[in-house]
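Notes follow once the structure below has been shown.
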Amino acid sequence: MSSADLVIRNGTIVDGCGGDPHEADLAVTDGKITTIGGAIAKGAEEIDARGKLVVPGFVDVHTHYDAQVTWSERLSPSSWNGATTVLLGNCGVGFAPCRDDQHALLINLMEGVEDIPEVVMTEGLPWNWHSFPDYLDAIAARRYDADVAAQVPHAALRVYVMGERGADREPATDEDRRRMAALTTEGLRAGALGFSTSRTLNHRAADGRSIPTLRAEEAELTAIAQAMRATAAGWLQIVSDFEDQRAEIGLFRRLARESGRPVTISMLQSHVKPDNWRTLLAEIGEANAEGLRITAQVRSRPTSVLLGFELSQNPFMGRPSCKAIAHLPFAERLAELRKPEFRAQLLNETSEGGGRDRRVDRWDRMFPFGDPPDYEPGPDKSIAAIAAREGRRPEAVAYDLLLQRDGREMLYLPVTNYAAGNLDVVREMIASPNTLIGLGDGGAHVGIMCDATATSYTLTHWTRDRGRGALFPVAWAIKRLAADNAAAIGLDDRGVLAVGKKADINILDYDRLRLRAPQVIYDLPAGGKRLVQRTEGFEATIVSGAVVYRHGEATGALPGRLVRGARSS
């Protein structure tokens, strides 16, 4: 009998099915798990996992690596945090299908919706595709540190079919709808795992225009849903403001019924309407009781903005003195910010902006971040509370904090899921059987957040570290991050550790798992910056039986491939 390619010895198996952890050896051959437990002969490669958890690779169902996959082999920071499969093309935005004269329009849209700088995409995107199948072929020609799956994005589809009429949100004609349905079918048959759309006012292009799919008519969405039924593939991923919640959930129920496919909806707690998520989740429960398949995607921590002098936003960005130096390279800006006379002048100014500029000087909702960062700080830790204790102005406290660590310190501003100043509502959300843990937005919002590490946070905070409420079992968290997400997008060949399953595996030093503070690096095309975040305690990440990371360092192996369509063992 030939030896296995890889044997993991003495590890504590947490198989992703939710059962009790148990110690066993595990063997891998040809990218699949061949044996768990019993006597296993020496393998070509062996890893001693004594005292470590051996768990399935995580499945990140909500990313925006649509551009990054075209220039980078690494799906970081998701892949640095245990994700072995990532799903891109969310929120209706993407780059295919696309005509040659529409490149700038789609870049402008992605810049505004997902905060990826225009110059990065203009320099980085090769545009070696037109149709959605072409785009999948371009991805398939590359190699990665994780598997990649994609969805057909409604905004790109609508603009491709309707041109400026689509961008201007004009109603689709019968012919427009027929063409969009046909192209959705084409994309699904080429291997897309779903179709995505956005119905939120928050999604605007960099030039201020609303996303082309905002308030798309039901007839348009129904035509696409019916195409999905005929193809018998994929899910519908939807973002909505839920301004008229009953009407919206009614629409989504009809789309689930027309398509015969799963529907997944982003769900957050608004600080303005802090109880709306409860009624939404109840309505989703009713829909599932009727036999429909609707899930709410939720974050395992707040949606937050990170503020800093090196980042895209800071608490003083609307003040004249700050605007005057905004164009300078960071080192030159920092030199100005350190001058006592500049500090005094800026602190005595008021913001000239509104909206976003006003949001980032809410001192009672803003906190020092720390290392390791604290995502559930109490009200006594706010900038306002610190200022009150020290008898200082909150502006001065924030300014001085941001100058620490050579001007690279960050402040934390939770904007959803934190209305009560704690994560009790998040605990309820992630505990629901009708939710999926997602919304990490890997690859997006590169200058203000880094939430792709919410996978690691689910393990550290919710199974071990939270001091403000009850914890979950580790086995529960692993199931949520791996098996539940894999099953939701039709990838039944992964997400659990079982014989015959794909050998996507993380080896965790659970006691040492710890998120580090995010940092800015300048590794995007055109020298563009992005926030990244490392997590200590990942002993190894394995994709298709190949070790891609050891102790957080890349091995050079790139076994990740495009995943086309649903997969069964």
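Each chain in the structure tokens gets a letter, A, B and so on, in the order shown; residues start at 1 in every chain, and ligands are counted from 1 in the order they appear.
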
All strand (DSSP E) positions in stretch 91-284 of chain A, as a count of residues only: 21

Give me, as a tab-separated table, each residue of stretch 463-547 of chain A that comes within 7 Å of stretch 437-457 of chain A, together with its shortest interatomic pair and the distance in Å at one decimal, counting only C-alpha atoms, with rows ordered by chain and rising residue number.
```
residue	atom	partner	partner_atom	distance
A:Arg480	CA	A:Ile437	CA	6.8
A:Leu481	CA	A:Ile437	CA	6.7
A:Arg530	CA	A:Val446	CA	4.5
A:Leu531	CA	A:Val446	CA	5.4
A:Val532	CA	A:Cys450	CA	6.1
A:Gln533	CA	A:Cys450	CA	6.8
```

Contacts of A:Ser240 at 8 Å (only C-alpha atoms; same-chain gap of 3+ positions) as a list in words: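 Listing them by chain and then by number gives Ser198, Arg199, Thr200, Glu248, Ile265 and Ser266 of chain A.
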
Just N, CA and C atoms for this one: save the residues we selected as a PDB file, in the first residue's frame.
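Saved file out_4.pdb follows:
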```
ATOM      1  N   SER A 198     -27.671  44.807  -5.728  1.00  0.00           N
ATOM      2  CA  SER A 198     -27.723  45.768  -4.627  1.00  0.00           C
ATOM      3  C   SER A 198     -28.896  46.699  -4.807  1.00  0.00           C
ATOM      4  N   ARG A 199     -29.601  46.959  -3.687  1.00  0.00           N
ATOM      5  CA  ARG A 199     -30.753  47.848  -3.691  1.00  0.00           C
ATOM      6  C   ARG A 199     -30.586  48.919  -2.604  1.00  0.00           C
ATOM      7  N   THR A 200     -29.335  49.287  -2.303  1.00  0.00           N
ATOM      8  CA  THR A 200     -29.093  50.233  -1.223  1.00  0.00           C
ATOM      9  C   THR A 200     -28.587  51.578  -1.731  1.00  0.00           C
ATOM     10  N   GLU A 248     -39.959  44.745   0.780  1.00  0.00           N
ATOM     11  CA  GLU A 248     -38.706  44.144   0.304  1.00  0.00           C
ATOM     12  C   GLU A 248     -38.658  42.649   0.584  1.00  0.00           C
ATOM     13  N   ILE A 265     -29.452  37.480   2.158  1.00  0.00           N
ATOM     14  CA  ILE A 265     -29.652  38.920   2.318  1.00  0.00           C
ATOM     15  C   ILE A 265     -28.693  39.436   3.397  1.00  0.00           C
ATOM     16  N   SER A 266     -28.052  40.554   3.147  1.00  0.00           N
ATOM     17  CA  SER A 266     -27.202  41.157   4.175  1.00  0.00           C
ATOM     18  C   SER A 266     -28.069  41.726   5.289  1.00  0.00           C
TER      19      SER A 266
END
```

Contact residues around A:Thr12 with only C-alpha atoms at 10 Å, ignoring same-chain residues under 6 positions, as an mmCIF file with N, CA and C atoms, in the first residue's frame:
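Final output, saved to result.cif:
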```cif
data_model
loop_
_atom_site.group_PDB
_atom_site.id
_atom_site.type_symbol
_atom_site.label_atom_id
_atom_site.label_comp_id
_atom_site.auth_asym_id
_atom_site.auth_seq_id
_atom_site.Cartn_x
_atom_site.Cartn_y
_atom_site.Cartn_z
ATOM 1 N N ASP A 20 -18.234 16.561 19.104
ATOM 2 C CA ASP A 20 -17.162 16.787 20.078
ATOM 3 C C ASP A 20 -15.797 16.599 19.421
ATOM 4 N N PRO A 21 -14.841 17.447 19.783
ATOM 5 C CA PRO A 21 -13.469 17.253 19.307
ATOM 6 C C PRO A 21 -12.914 15.918 19.793
ATOM 7 N N HIS A 22 -12.039 15.299 18.996
ATOM 8 C CA HIS A 22 -11.415 14.045 19.393
ATOM 9 C C HIS A 22 -10.028 13.952 18.759
ATOM 10 N N GLU A 23 -9.142 13.229 19.419
ATOM 11 C CA GLU A 23 -7.775 13.113 18.922
ATOM 12 C C GLU A 23 -7.685 11.989 17.906
ATOM 13 N N ALA A 24 -7.055 12.265 16.765
ATOM 14 C CA ALA A 24 -6.880 11.247 15.726
ATOM 15 C C ALA A 24 -5.850 11.735 14.719
ATOM 16 N N ASP A 25 -5.242 10.788 14.006
ATOM 17 C CA ASP A 25 -4.384 11.114 12.877
ATOM 18 C C ASP A 25 -5.261 11.234 11.629
ATOM 19 N N ALA A 49 0.691 17.656 15.052
ATOM 20 C CA ALA A 49 -0.284 18.654 15.515
ATOM 21 C C ALA A 49 -0.668 18.420 16.968
ATOM 22 N N ARG A 50 0.225 17.826 17.734
ATOM 23 C CA ARG A 50 -0.084 17.559 19.140
ATOM 24 C C ARG A 50 -0.422 18.871 19.865
ATOM 25 N N GLY A 51 -1.547 18.857 20.578
ATOM 26 C CA GLY A 51 -1.965 20.048 21.304
ATOM 27 C C GLY A 51 -2.620 21.103 20.433
ATOM 28 N N LYS A 52 -2.817 20.795 19.153
ATOM 29 C CA LYS A 52 -3.399 21.757 18.216
ATOM 30 C C LYS A 52 -4.767 21.256 17.735
ATOM 31 N N LEU A 53 -5.584 22.190 17.246
ATOM 32 C CA LEU A 53 -6.855 21.842 16.625
ATOM 33 C C LEU A 53 -6.655 21.636 15.135
ATOM 34 N N VAL A 54 -7.223 20.566 14.606
ATOM 35 C CA VAL A 54 -7.214 20.304 13.172
ATOM 36 C C VAL A 54 -8.651 20.489 12.696
ATOM 37 N N VAL A 55 -8.867 21.504 11.848
ATOM 38 C CA VAL A 55 -10.226 21.920 11.495
ATOM 39 C C VAL A 55 -10.329 22.103 9.982
ATOM 40 N N ILE A 507 -4.643 24.089 10.795
ATOM 41 C CA ILE A 507 -4.119 23.583 12.063
ATOM 42 C C ILE A 507 -3.917 24.795 12.959
ATOM 43 N N LEU A 508 -4.636 24.820 14.085
ATOM 44 C CA LEU A 508 -4.703 26.010 14.938
ATOM 45 C C LEU A 508 -4.066 25.755 16.298
#
```

Distance query A:Asp492 at most 6 Å, only C-alpha atoms, self and fewer than 3 positions along chain excluded, as a ChimeraX atom specification: /A:487,567-568

Spatial neighbours of A:Asn108, max dist 10 Å, only C-alpha atoms, sep filter under 2 positions, as JSON, numbers by chain: {"A": [102, 103, 104, 105, 106, 110, 111, 112, 113, 115, 116, 117, 118, 121, 122, 204, 205, 206, 207, 208, 209]}

Atomic distance atom CA of A:Pro372 - atom CA of A:Leu513, expressed in Å with one decimal: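 For atom CA of A:Pro372 relative to atom CA of A:Leu513, the distance reads 10.9 Å.
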
Backbone-only DSSP, helix (DSSP H, G or I) members of stretch 98-175 of chain A, as a ChimeraX atom specification: /A:100-114,118-124,132-140,154-162,164-167,174-175

For stretch 159-166 of chain A: contacts at 9 Å, only C-alpha atoms, fewer than 3 positions along chain excluded, given as a VMD selection string: chain A and resid 96 to 99 102 105 to 106 154 to 156 169 to 172 176 to 177 179 to 180 212 to 213

Nearest to A:Glu218, chosen from A:Val425, A:Phe195, A:Leu251, A:Thr416, with only C-alpha atoms counted in the distances: A:Leu251

Shortest interatomic distance to A:Ala398 - which of A:Leu201, A:Val120, A:Leu346, A:Ile383, counting only C-alpha atoms: A:Ile383
